[in-house]
file model09.pdb (PDB, C-alpha atoms)
ATOM      1  CA  MET A  28       1.268  -6.155  18.177
ATOM      2  CA  THR A  29       4.282  -8.316  17.328
ATOM      3  CA  GLY A  30       4.472  -9.213  13.673
ATOM      4  CA  LEU A  31       3.000  -6.069  12.158
ATOM      5  CA  GLY A  32       2.133  -8.242   9.162
ATOM      6  CA  TYR A  33      -0.434  -5.666   8.151
ATOM      7  CA  THR A  34       1.161  -2.408   9.360
ATOM      8  CA  VAL A  35       4.471  -2.807   7.508
ATOM      9  CA  PRO A  36       3.017  -3.782   4.096
ATOM     10  CA  ALA A  37       0.366  -1.048   4.425
ATOM     11  CA  ILE A  38       3.064   1.620   4.837
ATOM     12  CA  ALA A  39       5.104  -0.008   2.064
ATOM     13  CA  SER A  40       2.118   0.098  -0.312
ATOM     14  CA  VAL A  41       1.786   3.886   0.104
ATOM     15  CA  LEU A  42       5.538   4.400  -0.429
ATOM     16  CA  THR A  43       5.359   2.161  -3.523
ATOM     17  CA  VAL A  44       2.560   4.271  -4.994
ATOM     18  CA  PHE A  45       4.530   7.498  -4.397
ATOM     19  CA  ALA A  46       7.608   5.897  -5.978
ATOM     20  CA  LEU A  47       5.491   4.781  -8.946
ATOM     21  CA  GLU A  48       4.340   8.349  -9.563
ATOM     22  CA  PHE A  49       7.597  10.191  -8.961
ATOM     23  CA  ALA A  50       9.952   7.680 -10.622
ATOM     24  CA  VAL A  51       7.856   6.158 -13.402
ATOM     25  CA  LEU A  52       4.463   7.649 -14.251
ATOM     26  CA  HIS A  53       4.924  11.431 -13.736
ATOM     27  CA  THR A  54       1.201  12.169 -14.192
ATOM     28  CA  GLY A  55       1.100  15.208 -11.879
ATOM     29  CA  LEU A  56      -2.035  13.757 -10.281
ATOM     30  CA  LEU A  57      -0.856  14.510  -6.743
ATOM     31  CA  ARG A  58      -0.663  18.218  -7.593
ATOM     32  CA  GLN A  59      -4.296  18.356  -8.746
ATOM     33  CA  PRO A  60      -6.942  19.743  -6.359
ATOM     34  CA  ALA A  61      -9.476  17.397  -8.019
ATOM     35  CA  TYR A  62      -7.438  14.401  -6.800
ATOM     36  CA  TRP A  63      -7.275  15.540  -3.176
ATOM     37  CA  LEU A  64     -10.941  16.556  -3.140
ATOM     38  CA  SER A  65     -11.830  13.117  -4.554
ATOM     39  CA  MET A  66      -9.720  11.438  -1.864
ATOM     40  CA  VAL A  67     -11.590  13.342   0.867
ATOM     41  CA  ILE A  68     -14.913  12.140  -0.596
ATOM     42  CA  VAL A  69     -13.604   8.560  -0.925
ATOM     43  CA  LEU A  70     -12.428   8.722   2.695
ATOM     44  CA  GLY A  71     -15.889   9.887   3.739
ATOM     45  CA  PHE A  72     -17.416   6.788   2.140
ATOM     46  CA  GLN A  73     -14.662   4.458   3.343
ATOM     47  CA  VAL A  74     -15.705   4.999   6.967
ATOM     48  CA  PRO A  75     -19.243   3.549   6.675
ATOM     49  CA  VAL A  76     -18.277   0.800   4.174
ATOM     50  CA  ASP A  77     -15.086  -0.261   5.932
ATOM     51  CA  GLY A  78     -16.747   0.289   9.291
ATOM     52  CA  TRP A  79     -19.405  -2.253   8.314
ATOM     53  CA  LEU A  80     -16.771  -4.771   7.142
ATOM     54  CA  THR A  81     -14.650  -4.508  10.291
ATOM     55  CA  LYS A  82     -17.122  -3.869  13.132
ATOM     56  CA  ARG A  83     -16.219  -6.053  16.089
ATOM     57  CA  SER A  84     -19.878  -6.853  16.884
ATOM     58  CA  ALA A  85     -20.384  -8.781  13.596
ATOM     59  CA  PRO A  86     -17.171  -8.612  11.531
ATOM     60  CA  ILE A  87     -16.966  -9.660   7.884
ATOM     61  CA  VAL A  88     -13.164  -9.303   7.970
ATOM     62  CA  ILE A  89     -11.399 -10.548  11.097
ATOM     63  CA  TYR A  90      -7.894  -9.246  11.844
ATOM     64  CA  ASN A  91      -5.148 -11.010  13.735
ATOM     65  CA  GLU A  92      -4.523  -8.229  16.261
ATOM     66  CA  ARG A  93      -0.924  -9.380  16.681
ATOM     67  CA  GLN A  94      -0.309  -8.385  13.055
ATOM     68  CA  THR A  95      -1.656  -4.831  13.360
ATOM     69  CA  SER A  96      -0.787  -1.701  15.330
ATOM     70  CA  GLY A  97      -3.933  -2.351  17.359
ATOM     71  CA  VAL A  98      -5.232   1.168  16.668
ATOM     72  CA  ARG A  99      -8.798   0.921  15.382
ATOM     73  CA  PHE A 100     -10.369   4.291  14.600
ATOM     74  CA  PRO A 101     -12.965   5.446  13.695
ATOM     75  CA  CYS A 102     -15.534   2.743  14.490
ATOM     76  CA  ASP A 103     -13.472  -0.483  14.631
ATOM     77  CA  ILE A 104     -11.493   0.189  11.449
ATOM     78  CA  PRO A 105      -7.796  -0.757  11.735
ATOM     79  CA  ILE A 106      -5.909   2.435  10.798
ATOM     80  CA  GLU A 107      -3.857   0.341   8.364
ATOM     81  CA  ASP A 108      -6.998   0.097   6.206
ATOM     82  CA  PHE A 109      -6.688   3.815   5.410
ATOM     83  CA  LEU A 110      -3.157   3.339   4.077
ATOM     84  CA  PHE A 111      -4.320   0.260   2.118
ATOM     85  CA  GLY A 112      -7.276   2.215   0.672
ATOM     86  CA  PHE A 113      -5.150   5.247  -0.143
ATOM     87  CA  ALA A 114      -2.636   3.073  -2.023
ATOM     88  CA  LEU A 115      -5.326   1.126  -3.914
ATOM     89  CA  VAL A 116      -7.321   4.164  -5.032
ATOM     90  CA  THR A 117      -4.304   6.365  -5.793
ATOM     91  CA  ALA A 118      -2.661   3.619  -7.871
ATOM     92  CA  VAL A 119      -5.796   3.208 -10.000
ATOM     93  CA  LEU A 120      -6.200   6.970 -10.481
ATOM     94  CA  LEU A 121      -2.511   7.245 -11.449
ATOM     95  CA  VAL A 122      -2.799   4.572 -14.146
ATOM     96  CA  TRP A 123      -6.075   6.149 -15.336
ATOM     97  CA  GLU A 124      -4.369   9.545 -15.645
ATOM     98  CA  ARG A 125      -1.294   8.013 -17.249
ATOM     99  CA  GLN A 126      -3.421   6.755 -20.131
ATOM    100  CA  ARG A 127      -4.666  10.265 -20.824
ATOM    101  CA  ALA A 128      -1.110  11.610 -20.652
ATOM    102  CA  SER A 129       0.170   8.984 -23.072
ATOM    103  CA  ARG A 130      -2.492   9.681 -25.659
TER     104      ARG A 130
ATOM    105  CA  MET B   9     -29.156 -10.797  25.128
ATOM    106  CA  ALA B  10     -26.631 -10.795  22.325
ATOM    107  CA  GLY B  11     -24.634  -7.650  22.910
ATOM    108  CA  PRO B  12     -21.884  -6.222  20.723
ATOM    109  CA  ASP B  13     -19.292  -8.112  22.756
ATOM    110  CA  HIS B  14     -20.769 -11.467  21.746
ATOM    111  CA  PRO B  15     -20.335 -11.718  17.975
ATOM    112  CA  SER B  16     -21.178 -15.411  17.754
ATOM    113  CA  ARG B  17     -24.438 -15.075  19.643
ATOM    114  CA  ALA B  18     -25.291 -11.880  17.762
ATOM    115  CA  ALA B  19     -24.781 -13.767  14.503
ATOM    116  CA  GLU B  20     -26.850 -16.716  15.657
ATOM    117  CA  ALA B  21     -29.692 -14.381  16.563
ATOM    118  CA  ARG B  22     -30.044 -13.383  12.914
ATOM    119  CA  CYS B  23     -31.222 -15.707  10.190
ATOM    120  CA  GLY B  24     -28.253 -17.449   8.622
ATOM    121  CA  VAL B  25     -28.766 -17.813   4.893
ATOM    122  CA  THR B  26     -29.406 -14.201   3.869
ATOM    123  CA  ASP B  27     -26.340 -13.079   5.812
ATOM    124  CA  TRP B  28     -24.130 -14.893   3.284
ATOM    125  CA  TRP B  29     -24.887 -12.074   0.864
ATOM    126  CA  GLN B  30     -23.844  -9.234   3.202
ATOM    127  CA  TYR B  31     -20.444  -8.525   1.628
ATOM    128  CA  LEU B  32     -21.869  -8.768  -1.920
ATOM    129  CA  ILE B  33     -24.795  -6.489  -1.045
ATOM    130  CA  LEU B  34     -22.381  -3.925   0.399
ATOM    131  CA  LEU B  35     -20.396  -3.912  -2.874
ATOM    132  CA  GLY B  36     -23.646  -3.662  -4.867
ATOM    133  CA  LEU B  37     -24.675  -0.613  -2.839
ATOM    134  CA  CYS B  38     -21.308   1.019  -3.577
ATOM    135  CA  LEU B  39     -21.933   0.560  -7.318
ATOM    136  CA  ALA B  40     -25.541   1.770  -7.084
ATOM    137  CA  ILE B  41     -24.699   4.929  -5.129
ATOM    138  CA  THR B  42     -21.857   5.937  -7.474
ATOM    139  CA  ALA B  43     -23.653   5.016 -10.746
ATOM    140  CA  PRO B  44     -25.189   8.511 -11.316
ATOM    141  CA  LEU B  45     -21.672  10.024 -11.312
ATOM    142  CA  GLU B  46     -21.236   8.492 -14.777
ATOM    143  CA  LEU B  47     -23.382  11.365 -16.098
ATOM    144  CA  PHE B  48     -20.549  13.857 -15.464
ATOM    145  CA  GLY B  49     -17.844  14.610 -18.016
ATOM    146  CA  ALA B  50     -16.475  11.866 -20.230
ATOM    147  CA  GLY B  51     -17.580   9.188 -17.767
ATOM    148  CA  VAL B  52     -15.851   6.017 -16.633
ATOM    149  CA  TYR B  53     -18.046   3.168 -17.895
ATOM    150  CA  ARG B  54     -18.086   4.918 -21.291
ATOM    151  CA  GLN B  55     -14.317   4.363 -21.494
ATOM    152  CA  PRO B  56     -14.265   0.593 -20.900
ATOM    153  CA  ARG B  57     -10.771  -0.045 -22.274
ATOM    154  CA  ARG B  58      -9.208   2.740 -20.218
ATOM    155  CA  LEU B  59     -11.186   1.532 -17.170
ATOM    156  CA  ALA B  60      -9.936  -2.050 -17.542
ATOM    157  CA  ARG B  61      -6.359  -0.888 -18.121
ATOM    158  CA  ALA B  62      -6.443   1.196 -14.929
ATOM    159  CA  VAL B  63      -8.225  -1.277 -12.634
ATOM    160  CA  VAL B  64      -6.877  -4.717 -13.588
ATOM    161  CA  PRO B  65      -3.097  -4.072 -13.318
ATOM    162  CA  VAL B  66      -3.628  -2.637  -9.809
ATOM    163  CA  ALA B  67      -6.096  -5.337  -8.704
ATOM    164  CA  VAL B  68      -3.580  -8.107  -9.457
ATOM    165  CA  PRO B  69      -0.848  -7.113  -6.947
ATOM    166  CA  PHE B  70      -3.494  -6.294  -4.327
ATOM    167  CA  LEU B  71      -5.033  -9.766  -4.799
ATOM    168  CA  VAL B  72      -1.587 -11.309  -4.372
ATOM    169  CA  TRP B  73      -1.188  -9.303  -1.132
ATOM    170  CA  ASP B  74      -4.657 -10.494  -0.076
ATOM    171  CA  ALA B  75      -3.793 -14.150  -0.777
ATOM    172  CA  VAL B  76      -0.520 -13.878   1.172
ATOM    173  CA  ALA B  77      -2.284 -12.184   4.110
ATOM    174  CA  ILE B  78      -4.968 -14.893   4.134
ATOM    175  CA  ALA B  79      -2.330 -17.665   3.982
ATOM    176  CA  ALA B  80      -0.389 -16.000   6.836
ATOM    177  CA  ARG B  81      -3.654 -15.507   8.752
ATOM    178  CA  VAL B  82      -3.112 -11.754   9.028
ATOM    179  CA  TRP B  83      -6.831 -11.488   8.300
ATOM    180  CA  THR B  84      -9.618 -13.974   7.671
ATOM    181  CA  TYR B  85     -13.214 -13.781   6.509
ATOM    182  CA  ASN B  86     -16.306 -14.556   8.514
ATOM    183  CA  ASP B  87     -18.076 -17.465   6.796
ATOM    184  CA  GLU B  88     -21.401 -16.075   7.992
ATOM    185  CA  TYR B  89     -21.208 -13.066   5.685
ATOM    186  CA  ILE B  90     -19.620 -14.386   2.478
ATOM    187  CA  THR B  91     -21.033 -16.705  -0.181
ATOM    188  CA  GLY B  92     -18.289 -19.298   0.314
ATOM    189  CA  ILE B  93     -17.222 -19.110  -3.333
ATOM    190  CA  HIS B  94     -13.442 -18.826  -3.522
ATOM    191  CA  ILE B  95     -10.848 -18.376  -6.229
ATOM    192  CA  PRO B  96      -7.541 -20.294  -5.807
ATOM    193  CA  PHE B  97      -5.360 -19.492  -2.762
ATOM    194  CA  GLY B  98      -8.416 -19.195  -0.510
ATOM    195  CA  VAL B  99      -9.445 -15.733  -1.676
ATOM    196  CA  PRO B 100     -13.228 -15.190  -1.415
ATOM    197  CA  VAL B 101     -14.875 -14.067  -4.667
ATOM    198  CA  GLU B 102     -16.095 -10.976  -2.764
ATOM    199  CA  GLU B 103     -12.479  -9.855  -2.385
ATOM    200  CA  VAL B 104     -11.919 -10.108  -6.146
ATOM    201  CA  LEU B 105     -15.000  -7.947  -6.662
ATOM    202  CA  PHE B 106     -13.827  -5.533  -3.942
ATOM    203  CA  PHE B 107     -10.667  -4.769  -5.934
ATOM    204  CA  LEU B 108     -12.827  -4.033  -9.000
ATOM    205  CA  VAL B 109     -15.761  -2.215  -7.367
ATOM    206  CA  ILE B 110     -13.896   0.171  -5.036
ATOM    207  CA  PRO B 111     -11.554   1.444  -7.804
ATOM    208  CA  VAL B 112     -14.569   1.972 -10.113
ATOM    209  CA  CYS B 113     -16.291   4.016  -7.360
ATOM    210  CA  ALA B 114     -13.122   6.069  -6.888
ATOM    211  CA  LEU B 115     -12.754   6.668 -10.640
ATOM    212  CA  LEU B 116     -16.399   7.779 -10.857
ATOM    213  CA  THR B 117     -15.807  10.193  -7.970
ATOM    214  CA  TYR B 118     -12.644  11.599  -9.573
ATOM    215  CA  ASN B 119     -14.425  11.861 -12.946
ATOM    216  CA  ALA B 120     -17.295  13.843 -11.403
ATOM    217  CA  VAL B 121     -15.074  16.092  -9.262
ATOM    218  CA  THR B 122     -12.863  16.879 -12.273
ATOM    219  CA  ALA B 123     -15.905  17.707 -14.431
ATOM    220  CA  ILE B 124     -17.437  19.945 -11.757
ATOM    221  CA  LEU B 125     -14.178  21.822 -11.076
ATOM    222  CA  ASP B 126     -13.588  22.323 -14.835
ATOM    223  CA  ARG B 127     -17.097  23.662 -15.242
ATOM    224  CA  SER B 128     -16.724  26.140 -12.366
ATOM    225  CA  ARG B 129     -13.345  27.302 -13.738
ATOM    226  CA  ARG B 130     -14.813  28.041 -17.139
ATOM    227  CA  ARG B 131     -17.436  30.320 -15.615
TER     228      ARG B 131
END
call {"tool": "encode", "arguments": {"input": "model09.pdb", "output": "structure tokens"}}
result
Amino acid sequence: MTGLGYTVPAIASVLTVFALEFAVLHTGLLRQPAYWLSMVIVLGFQVPVDGWLTKRSAPIVIYNERQTSGVRFPCDIPIEDFLFGFALVTAVLLVWERQRASR
Amino acid sequence: MAGPDHPSRAAEARCGVTDWWQYLILLGLCLAITAPLELFGAGVYRQPRRLARAVVPVAVPFLVWDAVAIAARVWTYNDEYITGIHIPFGVPVEEVLFFLVIPVCALLTYNAVTAILDRSRRR
């Protein structure tokens, strides 16, 4: 845990997505129960999928542990992956919603 | 015995060639499991232009992040479980598909949840 080359950009990606919504897009997505319920379901599926990709016994993705916080939970998933996933999925849903709003 | 603490021996114990497809198969399963959600509401695949306009502009910066992380060796990919096909900057083709497949799965989930909540509200 020295460079935090994953931790810092992962946090930054989430802040960027919030900034995108509150400064630019204004979709109101983050106030919708459907969004949060969807995120809970996505999270539920992220654990087995991401868990398979990152399991230490036979990893598909191998992390430089010096670039992460070192916290891997649940399974062997680096916690940064949850920030990364949140930012990716939320950004796509925001742009999807924005297109409805702009119609 | 190849235990969980010995990834190289565990990998050797399995047959090599089919393992190259592991990452692609995982993405295929994600698409297969979420496909029925298209039946709800206005759907996602039925709005291809809106789908492309939501997924592609987000995939691009994430792929740039991926390429930078690979170049800086923040993370790497296990050659045993990917096809070995890469786009420029050393990004495996599986990663490109990841940034398309996972957003599609999320959109299908959101589409279905929205449709179900709307239906229950109307009752």
call {"tool": "closest_atom_pairs", "arguments": {"input": "model09.pdb", "of": "chain B", "to": "chain A", "cutoff": "9 Å", "atoms": "only C-alpha atoms", "output": "CSV"}}
result
residue,atom,partner,partner_atom,distance
B:Gly11,CA,A:Ser84,CA,7.7
B:Pro12,CA,A:Ser84,CA,4.4
B:Asp13,CA,A:Ser84,CA,6.0
B:His14,CA,A:Ser84,CA,6.8
B:Pro15,CA,A:Ser84,CA,5.0
B:Ser16,CA,A:Ala85,CA,7.9
B:Ala18,CA,A:Ala85,CA,7.1
B:Ala19,CA,A:Ala85,CA,6.7
B:Gln30,CA,A:Ile87,CA,8.3
B:Tyr31,CA,A:Ile87,CA,7.2
B:Leu34,CA,A:Val76,CA,7.3
B:Leu35,CA,A:Val76,CA,8.7
B:Cys38,CA,A:Val76,CA,8.3
B:Arg58,CA,A:Trp123,CA,6.7
B:Leu59,CA,A:Trp123,CA,7.1
B:Arg61,CA,A:Trp123,CA,7.6
B:Ala62,CA,A:Trp123,CA,5.0
B:Val63,CA,A:Val119,CA,5.7
B:Val64,CA,A:Val119,CA,8.8
B:Pro65,CA,A:Val119,CA,8.4
B:Val66,CA,A:Val119,CA,6.2
B:Ala67,CA,A:Leu115,CA,8.1
B:Phe70,CA,A:Leu115,CA,7.7
B:Trp73,CA,A:Pro36,CA,8.7
B:Ala77,CA,A:Gly32,CA,7.8
B:Ala80,CA,A:Gly32,CA,8.5
B:Arg81,CA,A:Asn91,CA,6.9
B:Val82,CA,A:Asn91,CA,5.2
B:Trp83,CA,A:Tyr90,CA,4.3
B:Thr84,CA,A:Ile89,CA,5.2
B:Tyr85,CA,A:Val88,CA,4.7
B:Asn86,CA,A:Ile87,CA,5.0
B:Asp87,CA,A:Ile87,CA,8.0
B:Glu88,CA,A:Ile87,CA,7.8
B:Tyr89,CA,A:Ile87,CA,5.9
B:Ile90,CA,A:Ile87,CA,7.7
B:Phe107,CA,A:Leu115,CA,8.2
B:Ile110,CA,A:Val116,CA,7.7
B:Pro111,CA,A:Val116,CA,5.7
B:Val112,CA,A:Val119,CA,8.9
B:Cys113,CA,A:Val69,CA,8.3
B:Ala114,CA,A:Val116,CA,6.4
B:Leu115,CA,A:Leu120,CA,6.6
B:Thr117,CA,A:Ser65,CA,6.0
B:Tyr118,CA,A:Ser65,CA,5.3
B:Asn119,CA,A:Ser65,CA,8.9
B:Ala120,CA,A:Ser65,CA,8.8
B:Val121,CA,A:Ala61,CA,5.9
B:Thr122,CA,A:Ala61,CA,5.5
B:Leu125,CA,A:Ala61,CA,7.1
call {"tool": "atom_distance", "arguments": {"input": "model09.pdb", "atom1": "atom CA of Leu57 of chain A", "atom2": "atom CA of Val104 of chain B"}}
result
27.0 Å
call {"tool": "atom_distance", "arguments": {"input": "model09.pdb", "atom1": "atom CA of Asp103 of chain A", "atom2": "atom CA of Ala75 of chain B"}}
result
22.8 Å
call {"tool": "atom_distance", "arguments": {"input": "model09.pdb", "atom1": "atom CA of Thr34 of chain A", "atom2": "atom CA of Ile104 of chain A"}}
result
13.1 Å
call {"tool": "closest_residue", "arguments": {"input": "model09.pdb", "among": "A:Leu110, A:Pro101, A:Leu56, A:Gly71", "to": "Val35 of chain A", "atoms": "all atoms listed in the file"}}
result
A:Leu110
call {"tool": "residues_near_point", "arguments": {"input": "model09.pdb", "point": "(-17.1, 11.2, -16.4)", "cutoff": "8 Å", "atoms": "only C-alpha atoms", "output": "MDAnalysis selection string"}}
result
chainID B and resid 45:52 116 119:120 123
call {"tool": "closest_residue", "arguments": {"input": "model09.pdb", "among": "B:Val76, B:Val99, B:Ile93, B:Ile124", "to": "Trp29 of chain B", "atoms": "only C-alpha atoms"}}
result
B:Ile93
